[in-house]
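**Q** Sending over input36.txt (compact mmCIF, C-alpha atoms and all ligand atoms).
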```
# COMPACT_ATOMS: atom_id res chain seq x y z
CA MET A 262 -26.54 -22.81 7.51
CA SER A 263 -26.11 -23.72 11.21
CA ARG A 264 -26.88 -20.73 13.41
CA PHE A 265 -25.68 -20.55 17.01
CA HIS A 266 -27.25 -18.11 19.42
CA ILE A 267 -24.71 -16.82 21.95
CA ALA A 268 -25.73 -14.91 25.11
CA VAL A 269 -22.92 -12.46 25.82
CA VAL A 270 -22.43 -11.04 29.33
CA PRO A 271 -19.69 -8.37 29.20
CA GLY A 272 -20.02 -7.67 32.96
CA ASP A 273 -17.78 -5.27 34.90
CA GLY A 274 -14.18 -4.02 35.09
CA ILE A 275 -12.12 -5.46 32.22
CA GLY A 276 -15.02 -7.80 31.30
CA PRO A 277 -16.38 -5.60 28.46
CA GLU A 278 -12.84 -5.05 27.07
CA VAL A 279 -11.88 -8.72 26.86
CA VAL A 280 -15.33 -9.71 25.59
CA ALA A 281 -15.14 -7.11 22.78
CA SER A 282 -11.79 -8.61 21.71
CA SER A 283 -13.07 -12.15 21.81
CA LEU A 284 -16.12 -11.24 19.72
CA GLU A 285 -13.84 -9.71 17.08
CA VAL A 286 -11.93 -12.99 17.03
CA LEU A 287 -15.18 -14.96 16.81
CA THR A 288 -16.20 -12.86 13.79
CA ALA A 289 -12.84 -13.54 12.13
CA VAL A 290 -13.17 -17.27 12.78
CA GLN A 291 -16.73 -17.31 11.48
CA ALA A 292 -15.48 -15.86 8.19
CA GLN A 293 -13.29 -18.96 7.77
CA LEU A 294 -16.04 -21.49 8.56
CA VAL A 295 -18.46 -23.02 6.10
CA ASP A 296 -22.19 -22.48 6.68
CA VAL A 297 -21.93 -21.52 10.35
CA SER A 298 -23.02 -18.24 11.91
CA PHE A 299 -23.17 -16.80 15.41
CA ASP A 300 -25.91 -14.46 16.61
CA CYS A 301 -24.79 -12.64 19.74
CA GLU A 302 -27.22 -11.11 22.21
CA GLU A 303 -25.93 -8.88 25.02
CA VAL A 304 -27.10 -9.66 28.55
CA SER A 305 -26.66 -7.18 31.41
CA VAL A 306 -25.46 -8.83 34.64
CA GLY A 307 -23.10 -7.69 37.39
CA ALA A 308 -22.18 -4.79 39.65
CA GLY A 309 -23.12 -2.23 37.01
CA GLU A 310 -26.56 -3.79 36.57
CA TYR A 311 -26.98 -3.82 40.38
CA LEU A 312 -26.11 -0.12 40.65
CA ARG A 313 -28.47 0.75 37.78
CA HIS A 314 -31.50 -1.37 38.67
CA GLY A 315 -30.92 -2.94 42.11
CA ASP A 316 -30.47 -6.57 41.03
CA PRO A 317 -27.13 -7.93 39.72
CA LEU A 318 -28.80 -10.93 38.10
CA PRO A 319 -32.34 -10.17 36.87
CA LYS A 320 -34.66 -13.06 36.00
CA SER A 321 -34.81 -11.78 32.43
CA ALA A 322 -31.02 -12.26 32.16
CA ILE A 323 -31.32 -15.87 33.28
CA ALA A 324 -34.07 -16.38 30.68
CA GLN A 325 -31.82 -14.92 27.95
CA MET A 326 -28.99 -17.26 28.99
CA LYS A 327 -31.26 -20.30 29.08
CA ALA A 328 -32.55 -19.53 25.59
CA ALA A 329 -29.04 -19.42 24.10
CA ASP A 330 -26.94 -22.25 22.67
CA ALA A 331 -23.99 -21.06 24.78
CA ILE A 332 -23.07 -18.22 27.12
CA LEU A 333 -19.93 -16.09 26.92
CA LEU A 334 -19.10 -14.06 30.04
CA GLY A 335 -16.36 -11.49 30.69
CA ALA A 336 -16.17 -10.99 34.44
CA THR A 337 -18.59 -9.64 37.04
CA GLY A 338 -18.43 -7.89 40.42
CA LEU A 339 -16.45 -4.96 41.80
CA PRO A 340 -14.73 -4.72 45.19
CA GLU A 341 -16.70 -1.65 46.24
CA VAL A 342 -20.11 -3.11 45.33
CA ARG A 343 -21.18 -5.32 48.23
CA TRP A 344 -24.23 -6.77 49.96
CA PRO A 345 -25.07 -5.40 53.43
CA ASN A 346 -23.24 -8.38 55.08
CA GLY A 347 -19.97 -7.22 53.51
CA VAL A 348 -19.45 -9.86 50.82
CA GLU A 349 -19.15 -8.88 47.16
CA ILE A 350 -21.98 -9.53 44.78
CA THR A 351 -20.98 -12.63 42.78
CA PRO A 352 -23.52 -13.29 40.04
CA GLN A 353 -21.03 -15.57 38.28
CA ILE A 354 -21.37 -18.00 41.22
CA ASP A 355 -25.17 -17.61 41.29
CA ILE A 356 -25.37 -18.39 37.56
CA ARG A 357 -23.41 -21.64 38.06
CA GLU A 358 -25.88 -22.74 40.72
CA ILE A 359 -29.05 -21.64 38.88
CA LEU A 360 -28.01 -23.30 35.60
CA ALA A 361 -26.42 -26.32 37.37
CA LEU A 362 -23.03 -25.66 35.75
CA TYR A 363 -21.34 -28.08 38.12
CA ASN A 364 -18.33 -28.91 35.94
CA GLY A 365 -15.75 -26.11 36.01
CA VAL A 366 -13.02 -26.98 33.50
CA ARG A 367 -9.88 -24.82 33.72
CA PRO A 368 -7.13 -25.66 31.25
CA ILE A 369 -3.61 -24.63 32.25
CA LYS A 370 -1.17 -24.63 29.35
CA LEU A 371 2.22 -22.96 29.07
CA TYR A 372 2.74 -21.79 25.48
CA ASN A 373 6.09 -20.08 25.98
CA ALA A 374 8.69 -20.95 28.64
CA ALA A 375 9.51 -17.25 28.99
CA HIS A 376 6.06 -16.63 30.52
CA SER A 377 6.52 -18.94 33.50
CA PRO A 378 8.26 -18.03 36.75
CA LEU A 379 9.43 -21.68 36.85
CA LYS A 380 12.66 -22.72 35.17
CA GLY A 381 12.94 -25.71 32.83
CA PHE A 382 9.27 -25.86 31.83
CA GLY A 383 7.56 -25.11 28.54
CA PRO A 384 7.47 -26.23 24.92
CA GLY A 385 10.50 -28.40 24.14
CA GLN A 386 11.19 -28.83 27.87
CA ARG A 387 8.90 -30.26 30.53
CA PRO A 388 5.44 -29.15 29.30
CA ILE A 389 2.81 -27.66 31.58
CA ASP A 390 -0.49 -28.84 30.14
CA MET A 391 -3.21 -29.82 32.59
CA ALA A 392 -6.87 -29.17 33.34
CA ILE A 393 -8.29 -28.44 36.77
CA VAL A 394 -11.86 -29.69 37.15
CA ARG A 395 -13.51 -27.63 39.85
CA GLU A 396 -16.81 -28.71 41.42
CA ASN A 397 -18.87 -25.55 40.96
CA CYS A 398 -22.19 -26.03 42.77
CA GLU A 399 -21.48 -27.22 46.32
CA GLY A 400 -18.39 -27.56 48.55
CA LEU A 401 -17.41 -24.64 50.76
CA PHE A 402 -19.49 -22.18 48.72
CA SER A 403 -22.72 -24.14 49.19
CA ASP A 404 -24.44 -22.26 52.02
CA ARG A 405 -22.97 -18.83 51.38
CA LEU A 406 -26.48 -17.42 50.74
CA ALA A 407 -28.13 -19.09 53.76
CA PRO A 408 -29.76 -16.59 56.15
CA ARG A 409 -27.59 -15.93 59.23
CA PRO A 410 -28.99 -14.85 62.60
CA ALA A 411 -27.77 -11.37 63.51
CA GLY A 412 -25.71 -10.57 66.59
CA ARG A 413 -23.77 -13.83 66.96
CA ASP A 414 -20.11 -13.74 67.98
CA PHE A 415 -19.22 -16.42 65.45
CA GLU A 416 -20.00 -17.34 61.85
CA THR A 417 -19.66 -20.66 60.02
CA ASP A 418 -19.52 -21.92 56.46
CA THR A 419 -20.52 -25.45 55.60
CA LEU A 420 -18.50 -27.63 53.25
CA ARG A 421 -21.27 -29.70 51.71
CA ILE A 422 -20.57 -32.70 49.47
CA THR A 423 -23.52 -34.75 48.26
CA TYR A 424 -23.28 -38.17 46.66
CA ARG A 425 -24.94 -36.84 43.50
CA GLY A 426 -22.65 -33.80 43.34
CA ALA A 427 -19.49 -35.82 43.91
CA ALA A 428 -20.46 -38.59 41.49
CA ARG A 429 -21.28 -36.24 38.61
CA ILE A 430 -18.10 -34.16 38.95
CA CYS A 431 -15.93 -37.28 39.27
CA ARG A 432 -17.55 -38.80 36.15
CA ALA A 433 -17.00 -35.56 34.23
CA ALA A 434 -13.34 -35.50 35.31
CA PHE A 435 -12.75 -39.16 34.42
CA ASP A 436 -14.37 -38.55 31.06
CA LEU A 437 -12.09 -35.57 30.42
CA ALA A 438 -9.00 -37.53 31.52
CA ARG A 439 -9.97 -40.31 29.09
CA ARG A 440 -10.05 -37.72 26.27
CA ARG A 441 -6.66 -36.29 27.34
CA ARG A 442 -3.66 -38.32 28.61
CA GLY A 443 -5.64 -40.76 30.77
CA HIS A 444 -4.43 -39.60 34.19
CA LEU A 445 -6.70 -38.16 36.89
CA THR A 446 -5.61 -36.82 40.29
CA LEU A 447 -8.11 -36.31 43.09
CA VAL A 448 -7.21 -33.32 45.28
CA ASP A 449 -8.82 -33.39 48.72
CA LYS A 450 -8.25 -33.15 52.46
CA ALA A 451 -9.52 -36.65 53.28
CA ASN A 452 -7.09 -37.02 56.18
CA VAL A 453 -8.88 -34.31 58.18
CA LEU A 454 -12.36 -33.51 56.90
CA PRO A 455 -15.18 -36.12 56.83
CA SER A 456 -16.73 -34.36 53.82
CA MET A 457 -13.49 -34.95 51.93
CA ALA A 458 -13.24 -38.58 53.04
CA PHE A 459 -16.75 -38.97 51.61
CA PHE A 460 -15.71 -37.27 48.35
CA ARG A 461 -12.77 -39.68 48.11
CA SER A 462 -15.02 -42.73 48.64
CA VAL A 463 -17.27 -41.58 45.78
CA PHE A 464 -14.20 -40.94 43.59
CA ASN A 465 -12.98 -44.49 44.31
CA GLU A 466 -16.37 -45.91 43.38
CA ILE A 467 -16.57 -43.99 40.09
CA ALA A 468 -12.96 -45.00 39.29
CA SER A 469 -14.14 -48.57 38.76
CA GLU A 470 -16.18 -47.34 35.73
CA PHE A 471 -12.97 -46.01 34.12
CA PRO A 472 -10.35 -48.78 34.43
CA ASP A 473 -8.35 -47.21 31.58
CA VAL A 474 -7.73 -43.98 33.56
CA ARG A 475 -4.75 -43.95 35.93
CA THR A 476 -5.56 -42.30 39.26
CA ASP A 477 -3.74 -40.57 42.12
CA ARG A 478 -4.97 -39.02 45.34
CA VAL A 479 -3.16 -35.96 46.75
CA TYR A 480 -3.96 -33.73 49.74
CA VAL A 481 -4.60 -30.13 48.77
CA ASP A 482 -1.68 -28.71 50.76
CA ALA A 483 0.73 -31.13 49.08
CA MET A 484 -0.81 -30.27 45.71
CA ALA A 485 0.05 -26.59 46.21
CA LEU A 486 3.67 -27.72 46.61
CA PHE A 487 3.64 -30.19 43.69
CA LEU A 488 2.09 -27.64 41.31
CA VAL A 489 5.19 -25.51 41.81
CA GLN A 490 7.74 -28.34 41.91
CA ARG A 491 6.49 -30.72 39.19
CA PRO A 492 3.44 -29.40 37.34
CA HIS A 493 4.40 -31.39 34.22
CA GLU A 494 3.37 -34.61 35.96
CA PHE A 495 -0.33 -33.71 36.06
CA ASP A 496 -2.99 -34.20 33.41
CA VAL A 497 -6.44 -33.67 34.99
CA LEU A 498 -7.09 -32.67 38.62
CA VAL A 499 -10.54 -32.89 40.20
CA THR A 500 -11.40 -31.05 43.38
CA GLU A 501 -13.91 -29.28 45.61
CA ASN A 502 -15.20 -25.79 44.77
CA MET A 503 -12.96 -23.60 46.96
CA PHE A 504 -9.83 -25.74 46.52
CA GLY A 505 -10.40 -25.46 42.76
CA ASP A 506 -10.80 -21.70 43.03
CA ILE A 507 -7.47 -21.34 44.84
CA LEU A 508 -5.45 -23.92 42.90
CA SER A 509 -6.57 -22.61 39.53
CA ASP A 510 -5.21 -19.13 40.38
CA LEU A 511 -1.96 -20.71 41.56
CA ALA A 512 -1.75 -22.74 38.35
CA ALA A 513 -2.47 -19.64 36.23
CA GLY A 514 0.58 -18.10 37.88
CA LEU A 515 2.70 -20.88 36.34
CA ILE A 516 1.73 -20.01 32.77
CA GLY A 517 1.83 -16.21 32.62
CA GLY A 518 -0.99 -15.14 34.92
CA MET A 519 -4.76 -14.81 34.92
CA GLY A 520 -4.79 -13.41 31.40
CA MET A 521 -3.79 -16.86 30.11
CA ALA A 522 -6.35 -19.00 31.98
CA PRO A 523 -9.63 -19.82 30.20
CA SER A 524 -12.53 -21.78 31.64
CA ALA A 525 -15.77 -23.54 30.83
CA ASP A 526 -18.62 -24.00 33.32
CA LEU A 527 -20.58 -26.94 32.04
CA GLY A 528 -23.80 -28.66 33.07
CA ASP A 529 -26.01 -31.28 31.48
CA GLU A 530 -28.06 -28.57 29.71
CA TYR A 531 -26.04 -25.36 29.49
CA GLY A 532 -22.47 -24.23 28.88
CA LEU A 533 -20.93 -20.95 30.00
CA PHE A 534 -17.44 -19.85 28.92
CA GLN A 535 -15.38 -17.20 30.69
CA PRO A 536 -11.80 -16.35 31.61
CA SER A 537 -10.77 -17.68 35.04
CA HIS A 538 -9.89 -14.13 36.07
CA GLY A 539 -12.06 -11.55 37.74
CA THR A 540 -12.78 -7.96 36.80
CA ALA A 541 -9.22 -6.71 37.54
CA PRO A 542 -10.48 -3.21 38.50
CA THR A 543 -6.98 -1.72 38.79
CA ILE A 544 -6.36 -2.13 35.06
CA ALA A 545 -9.95 -1.65 33.84
CA GLY A 546 -10.47 1.09 31.27
CA LYS A 547 -6.77 1.34 30.44
CA GLY A 548 -6.93 -0.84 27.34
CA ILE A 549 -4.12 -3.11 28.58
CA ALA A 550 -5.97 -6.25 29.71
CA ASN A 551 -4.79 -9.49 28.16
CA PRO A 552 -7.78 -10.89 26.21
CA ILE A 553 -6.20 -14.33 25.55
CA ALA A 554 -7.98 -16.11 28.44
CA THR A 555 -11.34 -14.97 27.06
CA ILE A 556 -10.36 -15.79 23.48
CA LEU A 557 -9.30 -19.30 24.57
CA SER A 558 -12.66 -19.57 26.37
CA VAL A 559 -14.35 -18.81 23.04
CA GLY A 560 -12.27 -21.68 21.62
CA MET A 561 -13.62 -23.96 24.37
CA MET A 562 -17.13 -22.78 23.49
CA LEU A 563 -16.65 -23.61 19.81
CA ASP A 564 -15.35 -27.06 20.74
CA TRP A 565 -18.27 -27.68 23.12
CA LEU A 566 -20.85 -26.63 20.49
CA GLY A 567 -19.74 -29.81 18.78
CA HIS A 568 -20.39 -28.97 15.11
CA PRO A 569 -17.51 -30.11 12.85
CA GLU A 570 -17.02 -26.52 11.67
CA THR A 571 -17.09 -25.00 15.17
CA ILE A 572 -14.57 -27.64 16.27
CA ARG A 573 -12.41 -26.54 13.34
CA GLY A 574 -12.82 -22.95 14.55
CA ALA A 575 -11.65 -23.98 18.04
CA ARG A 576 -8.46 -25.41 16.51
CA MET A 577 -7.88 -22.17 14.58
CA ILE A 578 -8.01 -20.21 17.82
CA GLU A 579 -5.68 -22.63 19.60
CA GLU A 580 -3.16 -22.46 16.75
CA ALA A 581 -3.35 -18.67 16.49
CA VAL A 582 -2.77 -18.30 20.25
CA ALA A 583 0.15 -20.75 20.13
CA GLN A 584 1.69 -18.70 17.31
CA ILE A 585 1.25 -15.33 18.89
CA MET A 586 2.66 -16.52 22.21
CA ARG A 587 5.96 -17.15 20.43
CA CYS A 588 6.17 -13.51 19.35
CA PRO A 589 7.37 -11.34 22.28
CA ASP A 590 6.81 -8.13 20.33
CA LEU A 591 3.06 -8.82 20.00
CA LEU A 592 2.19 -9.38 23.67
CA THR A 593 0.52 -7.38 26.45
CA LEU A 594 2.18 -5.96 29.59
CA ASP A 595 1.35 -8.94 31.83
CA LEU A 596 3.44 -11.13 29.48
CA GLY A 597 6.34 -8.69 29.36
CA GLY A 598 5.21 -7.00 26.14
CA THR A 599 4.05 -3.49 25.31
CA LYS A 600 0.93 -4.10 23.24
CA THR A 601 -2.59 -2.99 24.10
CA THR A 602 -5.67 -5.19 24.19
CA ARG A 603 -6.64 -3.95 20.73
CA GLU A 604 -3.17 -4.55 19.28
CA ILE A 605 -2.83 -8.13 20.51
CA THR A 606 -6.36 -8.81 19.25
CA ALA A 607 -5.49 -7.50 15.80
CA ALA A 608 -2.31 -9.61 15.74
CA LEU A 609 -4.24 -12.70 16.74
CA ILE A 610 -6.86 -12.10 14.08
CA ALA A 611 -4.08 -11.74 11.50
CA ALA A 612 -2.79 -15.15 12.60
CA ILE A 613 -6.12 -16.94 12.16
CA PRO A 614 -5.98 -17.84 8.50
CA ALA A 615 -2.19 -17.65 8.04
CA PRO A 616 1.06 -18.13 9.99
CA LEU A 617 2.58 -14.92 11.33
CA PRO A 618 5.93 -13.70 9.98
CA CYS A 619 7.12 -12.80 13.48
CA GLN A 620 10.48 -13.01 15.15
CA GLU A 621 10.17 -15.98 17.50
CA SER A 622 11.72 -15.78 20.95
CA ALA A 623 14.62 -18.13 21.69
CA THR A 624 12.59 -19.93 24.35
P1 LIG B 1 -12.10 -12.77 41.43
O1 LIG B 1 -12.10 -12.89 42.91
O2 LIG B 1 -13.27 -12.04 40.86
O3 LIG B 1 -11.76 -14.05 40.69
P2 LIG B 1 -9.46 -11.83 41.75
O4 LIG B 1 -9.52 -11.08 43.02
O5 LIG B 1 -8.91 -13.22 41.73
O6 LIG B 1 -10.90 -11.82 41.07
P3 LIG B 1 -8.53 -10.82 39.27
O7 LIG B 1 -9.49 -9.79 38.80
O8 LIG B 1 -8.63 -12.15 38.61
O9 LIG B 1 -8.64 -10.92 40.82
O10 LIG B 1 -7.07 -10.26 39.14
C1 LIG B 1 -5.94 -10.88 39.78
C2 LIG B 1 -4.68 -10.24 39.22
O11 LIG B 1 -4.50 -10.61 37.87
C3 LIG B 1 -4.72 -8.70 39.25
O12 LIG B 1 -3.42 -8.23 39.45
C4 LIG B 1 -5.19 -8.35 37.85
O13 LIG B 1 -4.79 -7.08 37.43
C5 LIG B 1 -4.52 -9.46 37.01
N1 LIG B 1 -5.34 -9.80 35.85
C6 LIG B 1 -6.51 -10.45 35.86
N2 LIG B 1 -6.97 -10.60 34.62
C7 LIG B 1 -6.06 -10.04 33.79
C8 LIG B 1 -5.97 -9.87 32.38
N3 LIG B 1 -6.92 -10.32 31.56
N4 LIG B 1 -4.90 -9.23 31.88
C9 LIG B 1 -3.92 -8.77 32.67
N5 LIG B 1 -3.95 -8.91 34.01
C10 LIG B 1 -5.01 -9.53 34.57
```
Represent the structure contained in this file as structure tokens.
**A**
Amino acid sequence: MSRFHIAVVPGDGIGPEVVASSLEVLTAVQAQLVDVSFDCEEVSVGAGEYLRHGDPLPKSAIAQMKAADAILLGATGLPEVRWPNGVEITPQIDIREILALYNGVRPIKLYNAAHSPLKGFGPGQRPIDMAIVRENCEGLFSDRLAPRPAGRDFETDTLRITYRGAARICRAAFDLARRRRGHLTLVDKANVLPSMAFFRSVFNEIASEFPDVRTDRVYVDAMALFLVQRPHEFDVLVTENMFGDILSDLAAGLIGGMGMAPSADLGDEYGLFQPSHGTAPTIAGKGIANPIATILSVGMMLDWLGHPETIRGARMIEEAVAQIMRCPDLLTLDLGGTKTTREITAALIAAIPAPLPCQESAT
């Protein structure tokens, strides 16, 4: 029996709701796998933990995460819970830095043309199927915790790109492109910012290690345009931390919204899996959050664990999601349906071992 120890951080807002759904799905998948089990341990991190004990990310929580084979996180932070300087507490960013989870992989896949605001895209048409690789540990977020002298009439943020940071994220992105359709696009602002010109020079150097991967270079402002006009042309994008943050929300908007966008934050030692969305406080507690992004993140976790059976489990999740997305009567509000978080979870679980007898939508 192969046992996998999963540290589970439900977090705040809709985090606990979507995590509960994804754990039900994990249990259903486990029942289909041979000689594999998952032991889940809850870890308290986030705004709630801060309000209870004064620290959103206790050292003991980091130790629990480090001891696990993988980490599953819902979402953390709440708009009204802030540090004295006015910024929100963001333990999810701190965790990436502490565990060196530099490689933020954000798949963007349109399962049903009806869920996109764009016309002419989707299965059977021009597919939207790409992955945004976001550098997670430096860039414009790098000195956000640096002490700032009080009383100044200005404030600055530094966009820091190191050779090591750029080289490792570019290698990770080339490697992913090689495993997908062999096309990697660098997204930068090399025409204006020296840090970005440096990032591009490192990208060009690493490109010589991957002659089989076709490359493009696009400025970030143009990429915002191209993602709307011709998203089907992209396979893997690699970019700086803040550009990746913004573009991955834009890209989620092309495929049905944040409830459809999973992610993996990977390092050389640890892997953390979470939906790309935040805590969505306006819908928290209503039982209507779409859990699919978190469930797809569990699929990414199973794939990353790398055991033949967990990889098989990842495929089961992908196939069940693809099936359910074709059934308009089984979906949550954000996708134009009427179902609750619990109802879509139950439908997805029903689809895991067997095809669903649903009425498919015309699109
Ligand atoms: P953060 O800054 O923490 O990433 P955010 O400000 O980008 O968060 P989100 O919490 O991701 O905001 O929410 C953005 C929008 O998407 C909100 O309208 C929210 O209600 C919606 N949303 C996010 N996640 C889901 C979900 N799982 N199901 C349905 N709607 C969602």
**Q** At a cut-off of 7 Å, using all atoms listed in the file, what residues contact segment 313-330 of chain A? Leave out same-chain residues fewer than 5 positions from it and give the result as an NGL selection string.
**A** :A and (265-268 or 304-308 or 352)
**Q** Could you list, as a PDB file with C-alpha atoms, in the frame of the given file, all residues that come within 9 Å of ligand LIG 1 (chain B)? Count all atoms listed in the file.
**A**
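File written: selection-v9.pdb
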```pdb
ATOM      1  CA  GLY A 274     -14.180  -4.020  35.090  1.00  0.00           C
ATOM      2  CA  ILE A 275     -12.120  -5.460  32.220  1.00  0.00           C
ATOM      3  CA  GLY A 276     -15.020  -7.800  31.300  1.00  0.00           C
ATOM      4  CA  VAL A 279     -11.880  -8.720  26.860  1.00  0.00           C
ATOM      5  CA  ALA A 336     -16.170 -10.990  34.440  1.00  0.00           C
ATOM      6  CA  THR A 337     -18.590  -9.640  37.040  1.00  0.00           C
ATOM      7  CA  GLY A 338     -18.430  -7.890  40.420  1.00  0.00           C
ATOM      8  CA  LEU A 339     -16.450  -4.960  41.800  1.00  0.00           C
ATOM      9  CA  PRO A 340     -14.730  -4.720  45.190  1.00  0.00           C
ATOM     10  CA  THR A 351     -20.980 -12.630  42.780  1.00  0.00           C
ATOM     11  CA  GLN A 353     -21.030 -15.570  38.280  1.00  0.00           C
ATOM     12  CA  ASP A 506     -10.800 -21.700  43.030  1.00  0.00           C
ATOM     13  CA  ILE A 507      -7.470 -21.340  44.840  1.00  0.00           C
ATOM     14  CA  ASP A 510      -5.210 -19.130  40.380  1.00  0.00           C
ATOM     15  CA  GLY A 518      -0.990 -15.140  34.920  1.00  0.00           C
ATOM     16  CA  MET A 519      -4.760 -14.810  34.920  1.00  0.00           C
ATOM     17  CA  GLY A 520      -4.790 -13.410  31.400  1.00  0.00           C
ATOM     18  CA  MET A 521      -3.790 -16.860  30.110  1.00  0.00           C
ATOM     19  CA  ALA A 522      -6.350 -19.000  31.980  1.00  0.00           C
ATOM     20  CA  PRO A 536     -11.800 -16.350  31.610  1.00  0.00           C
ATOM     21  CA  SER A 537     -10.770 -17.680  35.040  1.00  0.00           C
ATOM     22  CA  HIS A 538      -9.890 -14.130  36.070  1.00  0.00           C
ATOM     23  CA  GLY A 539     -12.060 -11.550  37.740  1.00  0.00           C
ATOM     24  CA  THR A 540     -12.780  -7.960  36.800  1.00  0.00           C
ATOM     25  CA  ALA A 541      -9.220  -6.710  37.540  1.00  0.00           C
ATOM     26  CA  PRO A 542     -10.480  -3.210  38.500  1.00  0.00           C
ATOM     27  CA  THR A 543      -6.980  -1.720  38.790  1.00  0.00           C
ATOM     28  CA  ILE A 544      -6.360  -2.130  35.060  1.00  0.00           C
ATOM     29  CA  ALA A 545      -9.950  -1.650  33.840  1.00  0.00           C
ATOM     30  CA  ILE A 549      -4.120  -3.110  28.580  1.00  0.00           C
ATOM     31  CA  ALA A 550      -5.970  -6.250  29.710  1.00  0.00           C
ATOM     32  CA  ASN A 551      -4.790  -9.490  28.160  1.00  0.00           C
ATOM     33  CA  PRO A 552      -7.780 -10.890  26.210  1.00  0.00           C
ATOM     34  CA  ILE A 553      -6.200 -14.330  25.550  1.00  0.00           C
ATOM     35  CA  ALA A 554      -7.980 -16.110  28.440  1.00  0.00           C
ATOM     36  CA  THR A 555     -11.340 -14.970  27.060  1.00  0.00           C
ATOM     37  CA  THR A 593       0.520  -7.380  26.450  1.00  0.00           C
ATOM     38  CA  LEU A 594       2.180  -5.960  29.590  1.00  0.00           C
ATOM     39  CA  ASP A 595       1.350  -8.940  31.830  1.00  0.00           C
ATOM     40  CA  LEU A 596       3.440 -11.130  29.480  1.00  0.00           C
ATOM     41  CA  THR A 602      -5.670  -5.190  24.190  1.00  0.00           C
TER      42      THR A 602
END
```
**Q** If you count only C-alpha atoms, which residues fall within 8 Å of Thr476 of chain A, apart from same-chain ones fewer than 2 positions away, as number ranges by chain?
**A** A: 444-447, 468, 474, 478
**Q** Compare A:Leu508, A:Ala575, A:Ala581, A:Met562 by their minimum atom-to-atom distance to Tyr531 of chain A, counting all atoms listed in the file, and give me the closest one.
**A**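 Answer, going by the shortest atom-to-atom distance: A:Met562.
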**Q** What is the distance between atom CA of Ser403 of chain A and atom CA of Asp449 of chain A, in Å to one decimal?
**A** 16.7 Å
**Q** With distances taken over only C-alpha atoms, which of A:Ala433, A:Val348, A:Ala331, A:Leu511 is nearest to Asp564 of chain A?
**A**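 Using only C-alpha atoms, Asp564 of chain A sits closest to A:Ala331.
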**Q** Kindly provide, as a PDB file with C-alpha atoms, in the coordinates of the input, the polymer residues lying within 10 Å of (6.8, -16.8, 29.5), counting only C-alpha atoms and using the coordinates exactly as they appear in the file.
**A**
```
ATOM      1  CA  LEU A 371       2.220 -22.960  29.070  1.00  0.00           C
ATOM      2  CA  TYR A 372       2.740 -21.790  25.480  1.00  0.00           C
ATOM      3  CA  ASN A 373       6.090 -20.080  25.980  1.00  0.00           C
ATOM      4  CA  ALA A 374       8.690 -20.950  28.640  1.00  0.00           C
ATOM      5  CA  ALA A 375       9.510 -17.250  28.990  1.00  0.00           C
ATOM      6  CA  HIS A 376       6.060 -16.630  30.520  1.00  0.00           C
ATOM      7  CA  SER A 377       6.520 -18.940  33.500  1.00  0.00           C
ATOM      8  CA  PRO A 378       8.260 -18.030  36.750  1.00  0.00           C
ATOM      9  CA  LEU A 379       9.430 -21.680  36.850  1.00  0.00           C
ATOM     10  CA  PHE A 382       9.270 -25.860  31.830  1.00  0.00           C
ATOM     11  CA  GLY A 383       7.560 -25.110  28.540  1.00  0.00           C
ATOM     12  CA  LEU A 515       2.700 -20.880  36.340  1.00  0.00           C
ATOM     13  CA  ILE A 516       1.730 -20.010  32.770  1.00  0.00           C
ATOM     14  CA  GLY A 517       1.830 -16.210  32.620  1.00  0.00           C
ATOM     15  CA  GLY A 518      -0.990 -15.140  34.920  1.00  0.00           C
ATOM     16  CA  MET A 586       2.660 -16.520  22.210  1.00  0.00           C
ATOM     17  CA  ARG A 587       5.960 -17.150  20.430  1.00  0.00           C
ATOM     18  CA  PRO A 589       7.370 -11.340  22.280  1.00  0.00           C
ATOM     19  CA  ASP A 595       1.350  -8.940  31.830  1.00  0.00           C
ATOM     20  CA  LEU A 596       3.440 -11.130  29.480  1.00  0.00           C
ATOM     21  CA  GLY A 597       6.340  -8.690  29.360  1.00  0.00           C
ATOM     22  CA  SER A 622      11.720 -15.780  20.950  1.00  0.00           C
ATOM     23  CA  THR A 624      12.590 -19.930  24.350  1.00  0.00           C
TER      24      THR A 624
END
```
**Q** Nearest to Lys380 of chain A: which of A:Val481, A:Val489, A:Val559, A:Leu454 is it, counting only C-alpha atoms?
**A**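 Ranking A:Val481, A:Val489, A:Val559, A:Leu454 by distance to Lys380 of chain A, first place goes to A:Val489.
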**Q** What gap, in Å, lies between atom CA of Ser282 of chain A and atom CA of Ala525 of chain A?
**A**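 About the pair atom CA of Ser282 of chain A and atom CA of Ala525 of chain A: they are 17.9 Å apart.
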**Q** Rank A:Asp526, A:Trp344, A:Leu406, A:Ile369 by their smallest atom-to-atom distance to Phe495 of chain A, using all atoms listed in the file, and report the top residue only.
**A**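 Under the stated criterion, the closest residue is A:Ile369.
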**Q** Just how far from atom CA of Thr500 of chain A is atom CA of Gly400 of chain A, in Å to one decimal?
**A**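 Going from atom CA of Gly400 of chain A over to atom CA of Thr500 of chain A, I get 9.4 Å.
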**Q** Ranking A:Gly567, A:Gly528, A:Gly514, A:Pro472 by minimum distance to Glu358 of chain A and counting all atoms listed in the file, which one comes first?
**A** A:Gly528
**Q** Write out as a list in words the residues lying within 10 Å of Val366 of chain A, counting all atoms listed in the file and excluding same-chain residues fewer than 5 positions away.
**A**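 Within the cut-off, the hits are Ala392, Ile393, Val394, Arg395, Glu396, Asn397, Ala433, Ala434, Leu437, Val497, Leu498, Val499, Gly505, Ser509, Pro523, Ser524, Ala525, Asp526, Leu527, Phe534, Ser537 and Met561 of chain A.
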